[in-house]
Amino acid sequence: MSEAPLPAIRSLPSWLLGRAAARGRALVAEALAGEDMRMWHHVVLSAVRDLAPVAQADLGRGVRLDPKDLVGVLNDLQSAGLVVREPDPKDRRKNAVSLTDRGARLLKRCEKAARTANDELLAPLSAAEREQFMAMLLRISATAD
């Protein structure tokens, strides 16, 4: 059964952006699954690489993930040998999270897979259109923060 026509809704930028975002997330999720990685795990692994050593609470705020959800993701990543949690040198009462060598290697593969998925998403656009589209997305998303 085809979708009912909703021209007023389907012409809204928010609708189109949502559809494009859903397609992008699906492509990236599929690519990451090839590396046995989930989206939030990839986000957290990337943030740890960029911020390490990072206090667990700061990491959660940085990626905007609920502390309970972050603990679950970090437990998974630590069990897989991708991150380590050790006492924070700045405050021994807190945990600091760092990437392991194994985590860094996996992250490189995941980043490559995500780039390939994003290239597929933007394949209908020329290089100039991609650059312009990215600039516009950055302008739009910057107003949300």
# chains A, B, ... in the order shown; residues from 1 in each chain; ligands from 1
>>> select_by_dssp(residues="chain A", states="helix (DSSP H, G or I)", output="ChimeraX atom specification")
/A:7-10,13-33,39-51,56-63,67-79,101-121,127-144
>>> write_last_selection(atoms="C-alpha atoms", output="mmCIF file, in the first residue's frame")
data_model
loop_
_atom_site.group_PDB
_atom_site.id
_atom_site.type_symbol
_atom_site.label_atom_id
_atom_site.label_comp_id
_atom_site.auth_asym_id
_atom_site.auth_seq_id
_atom_site.Cartn_x
_atom_site.Cartn_y
_atom_site.Cartn_z
ATOM 1 C CA PRO A 7 1.632 17.487 0.076
ATOM 2 C CA ALA A 8 1.380 20.130 2.801
ATOM 3 C CA ILE A 9 3.372 18.025 5.255
ATOM 4 C CA ARG A 10 5.813 16.547 2.752
ATOM 5 C CA PRO A 13 11.726 21.417 5.359
ATOM 6 C CA SER A 14 11.415 19.722 8.760
ATOM 7 C CA TRP A 15 9.699 16.711 7.166
ATOM 8 C CA LEU A 16 12.318 16.438 4.426
ATOM 9 C CA LEU A 17 15.201 16.866 6.867
ATOM 10 C CA GLY A 18 13.689 14.192 9.087
ATOM 11 C CA ARG A 19 13.393 11.776 6.162
ATOM 12 C CA ALA A 20 16.968 12.498 5.051
ATOM 13 C CA ALA A 21 18.215 12.097 8.636
ATOM 14 C CA ALA A 22 16.402 8.776 9.000
ATOM 15 C CA ARG A 23 17.948 7.517 5.772
ATOM 16 C CA GLY A 24 21.390 8.733 6.871
ATOM 17 C CA ARG A 25 21.067 7.067 10.286
ATOM 18 C CA ALA A 26 19.982 3.807 8.644
ATOM 19 C CA LEU A 27 22.938 3.860 6.243
ATOM 20 C CA VAL A 28 25.424 4.628 9.020
ATOM 21 C CA ALA A 29 23.887 2.085 11.395
ATOM 22 C CA GLU A 30 24.168 -0.598 8.716
ATOM 23 C CA ALA A 31 27.788 0.353 7.994
ATOM 24 C CA LEU A 32 28.683 0.326 11.696
ATOM 25 C CA ALA A 33 26.968 -3.038 12.155
ATOM 26 C CA MET A 39 25.558 4.243 16.784
ATOM 27 C CA TRP A 40 25.830 5.469 20.400
ATOM 28 C CA HIS A 41 28.871 3.268 20.957
ATOM 29 C CA HIS A 42 30.517 4.923 17.953
ATOM 30 C CA VAL A 43 29.587 8.412 19.197
ATOM 31 C CA VAL A 44 31.002 7.722 22.663
ATOM 32 C CA LEU A 45 34.147 6.070 21.293
ATOM 33 C CA SER A 46 34.766 9.083 19.056
ATOM 34 C CA ALA A 47 34.195 11.531 21.923
ATOM 35 C CA VAL A 48 36.559 9.593 24.189
ATOM 36 C CA ARG A 49 39.245 9.783 21.512
ATOM 37 C CA ASP A 50 38.753 13.534 21.160
ATOM 38 C CA LEU A 51 38.519 14.346 24.892
ATOM 39 C CA GLN A 56 32.652 10.190 32.760
ATOM 40 C CA ALA A 57 30.221 12.980 33.727
ATOM 41 C CA ASP A 58 31.869 15.422 31.290
ATOM 42 C CA LEU A 59 31.694 12.802 28.558
ATOM 43 C CA GLY A 60 27.958 12.327 29.113
ATOM 44 C CA ARG A 61 27.342 16.072 28.954
ATOM 45 C CA GLY A 62 29.530 16.369 25.870
ATOM 46 C CA VAL A 63 27.593 13.788 23.873
ATOM 47 C CA PRO A 67 24.190 9.178 32.642
ATOM 48 C CA LYS A 68 22.451 5.789 33.019
ATOM 49 C CA ASP A 69 22.624 5.181 29.272
ATOM 50 C CA LEU A 70 26.254 6.293 29.183
ATOM 51 C CA VAL A 71 27.165 3.772 31.892
ATOM 52 C CA GLY A 72 25.664 0.986 29.772
ATOM 53 C CA VAL A 73 27.543 2.090 26.666
ATOM 54 C CA LEU A 74 30.814 2.422 28.603
ATOM 55 C CA ASN A 75 30.304 -1.005 30.183
ATOM 56 C CA ASP A 76 29.934 -2.494 26.700
ATOM 57 C CA LEU A 77 32.978 -0.629 25.367
ATOM 58 C CA GLN A 78 35.098 -1.565 28.372
ATOM 59 C CA SER A 79 34.043 -5.228 28.199
ATOM 60 C CA ASP A 101 44.811 0.859 21.146
ATOM 61 C CA ARG A 102 42.181 -1.680 20.117
ATOM 62 C CA GLY A 103 39.496 1.002 20.471
ATOM 63 C CA ALA A 104 41.501 3.421 18.337
ATOM 64 C CA ARG A 105 41.902 0.829 15.573
ATOM 65 C CA LEU A 106 38.177 -0.002 15.600
ATOM 66 C CA LEU A 107 37.267 3.687 15.628
ATOM 67 C CA LYS A 108 39.318 4.268 12.468
ATOM 68 C CA ARG A 109 37.441 1.471 10.704
ATOM 69 C CA CYS A 110 34.097 2.816 11.951
ATOM 70 C CA GLU A 111 34.903 6.333 10.796
ATOM 71 C CA LYS A 112 35.754 5.002 7.350
ATOM 72 C CA ALA A 113 32.494 3.014 7.259
ATOM 73 C CA ALA A 114 30.493 6.079 8.376
ATOM 74 C CA ARG A 115 32.149 8.275 5.727
ATOM 75 C CA THR A 116 31.298 5.714 3.051
ATOM 76 C CA ALA A 117 27.678 5.616 4.251
ATOM 77 C CA ASN A 118 27.489 9.413 4.197
ATOM 78 C CA ASP A 119 28.962 9.446 0.693
ATOM 79 C CA GLU A 120 26.127 7.120 -0.333
ATOM 80 C CA LEU A 121 23.595 9.448 1.300
ATOM 81 C CA ALA A 127 30.848 18.065 -4.895
ATOM 82 C CA ALA A 128 29.881 21.751 -4.953
ATOM 83 C CA GLU A 129 26.321 20.931 -3.880
ATOM 84 C CA ARG A 130 27.629 18.779 -1.025
ATOM 85 C CA GLU A 131 29.799 21.625 0.214
ATOM 86 C CA GLN A 132 26.907 24.074 0.010
ATOM 87 C CA PHE A 133 24.496 21.606 1.643
ATOM 88 C CA MET A 134 26.896 20.981 4.542
ATOM 89 C CA ALA A 135 27.371 24.723 5.053
ATOM 90 C CA MET A 136 23.606 25.221 5.157
ATOM 91 C CA LEU A 137 23.105 22.307 7.568
ATOM 92 C CA LEU A 138 25.742 23.779 9.874
ATOM 93 C CA ARG A 139 23.988 27.151 9.835
ATOM 94 C CA ILE A 140 20.617 25.578 10.574
ATOM 95 C CA SER A 141 21.901 23.271 13.306
ATOM 96 C CA ALA A 142 23.939 26.029 14.969
ATOM 97 C CA THR A 143 20.734 27.941 15.685
ATOM 98 C CA ALA A 144 19.352 24.940 17.603
#
>>> select_by_dssp(residues="chain A", states="strand (DSSP E)", output="PDB file with N, CA and C atoms, in the first residue's frame")
ATOM      1  N   VAL A  54      38.888  11.772  29.860  1.00  0.00           N
ATOM      2  CA  VAL A  54      37.725  12.601  30.135  1.00  0.00           C
ATOM      3  C   VAL A  54      36.926  12.005  31.281  1.00  0.00           C
ATOM      4  N   ALA A  55      36.511  12.868  32.200  1.00  0.00           N
ATOM      5  CA  ALA A  55      35.655  12.420  33.294  1.00  0.00           C
ATOM      6  C   ALA A  55      34.349  11.903  32.699  1.00  0.00           C
ATOM      7  N   VAL A  83      37.767   0.779  25.663  1.00  0.00           N
ATOM      8  CA  VAL A  83      38.060   1.910  26.544  1.00  0.00           C
ATOM      9  C   VAL A  83      38.479   1.378  27.912  1.00  0.00           C
ATOM     10  N   VAL A  84      39.126   2.235  28.678  1.00  0.00           N
ATOM     11  CA  VAL A  84      39.430   1.932  30.079  1.00  0.00           C
ATOM     12  C   VAL A  84      38.913   3.081  30.930  1.00  0.00           C
ATOM     13  N   ARG A  85      38.435   2.721  32.116  1.00  0.00           N
ATOM     14  CA  ARG A  85      38.020   3.719  33.107  1.00  0.00           C
ATOM     15  C   ARG A  85      38.967   3.578  34.279  1.00  0.00           C
ATOM     16  N   GLU A  86      39.602   4.689  34.597  1.00  0.00           N
ATOM     17  CA  GLU A  86      40.565   4.721  35.696  1.00  0.00           C
ATOM     18  C   GLU A  86      40.283   5.958  36.529  1.00  0.00           C
ATOM     19  N   PRO A  87      40.780   6.003  37.752  1.00  0.00           N
ATOM     20  CA  PRO A  87      40.579   7.223  38.552  1.00  0.00           C
ATOM     21  C   PRO A  87      41.107   8.450  37.807  1.00  0.00           C
ATOM     22  N   ASP A  88      40.314   9.511  37.820  1.00  0.00           N
ATOM     23  CA  ASP A  88      40.674  10.755  37.153  1.00  0.00           C
ATOM     24  C   ASP A  88      41.843  11.387  37.893  1.00  0.00           C
ATOM     25  N   ASP A  91      40.741  14.403  39.856  1.00  0.00           N
ATOM     26  CA  ASP A  91      39.824  14.175  40.972  1.00  0.00           C
ATOM     27  C   ASP A  91      39.651  12.671  41.122  1.00  0.00           C
ATOM     28  N   ARG A  92      40.373  12.084  42.076  1.00  0.00           N
ATOM     29  CA  ARG A  92      40.411  10.628  42.242  1.00  0.00           C
ATOM     30  C   ARG A  92      39.041  10.025  42.572  1.00  0.00           C
ATOM     31  N   ARG A  93      38.060  10.850  42.908  1.00  0.00           N
ATOM     32  CA  ARG A  93      36.723  10.335  43.205  1.00  0.00           C
ATOM     33  C   ARG A  93      35.945  10.041  41.921  1.00  0.00           C
ATOM     34  N   LYS A  94      36.434  10.521  40.787  1.00  0.00           N
ATOM     35  CA  LYS A  94      35.752  10.364  39.501  1.00  0.00           C
ATOM     36  C   LYS A  94      36.518   9.390  38.612  1.00  0.00           C
ATOM     37  N   ASN A  95      35.801   8.835  37.651  1.00  0.00           N
ATOM     38  CA  ASN A  95      36.430   7.996  36.629  1.00  0.00           C
ATOM     39  C   ASN A  95      36.805   8.845  35.421  1.00  0.00           C
ATOM     40  N   ALA A  96      37.968   8.572  34.870  1.00  0.00           N
ATOM     41  CA  ALA A  96      38.369   9.169  33.603  1.00  0.00           C
ATOM     42  C   ALA A  96      38.384   8.047  32.568  1.00  0.00           C
ATOM     43  N   VAL A  97      37.880   8.336  31.400  1.00  0.00           N
ATOM     44  CA  VAL A  97      37.762   7.339  30.344  1.00  0.00           C
ATOM     45  C   VAL A  97      38.793   7.641  29.263  1.00  0.00           C
ATOM     46  N   SER A  98      39.467   6.586  28.805  1.00  0.00           N
ATOM     47  CA  SER A  98      40.457   6.709  27.731  1.00  0.00           C
ATOM     48  C   SER A  98      40.262   5.578  26.740  1.00  0.00           C
ATOM     49  N   LEU A  99      40.717   5.811  25.536  1.00  0.00           N
ATOM     50  CA  LEU A  99      40.639   4.836  24.453  1.00  0.00           C
ATOM     51  C   LEU A  99      41.817   3.873  24.554  1.00  0.00           C
TER      52      LEU A  99
END
>>> closest_residue(among="A:Leu6, A:Pro53, A:Leu125, A:Arg38", to="Pro89 of chain A", atoms="only C-alpha atoms")
A:Pro53
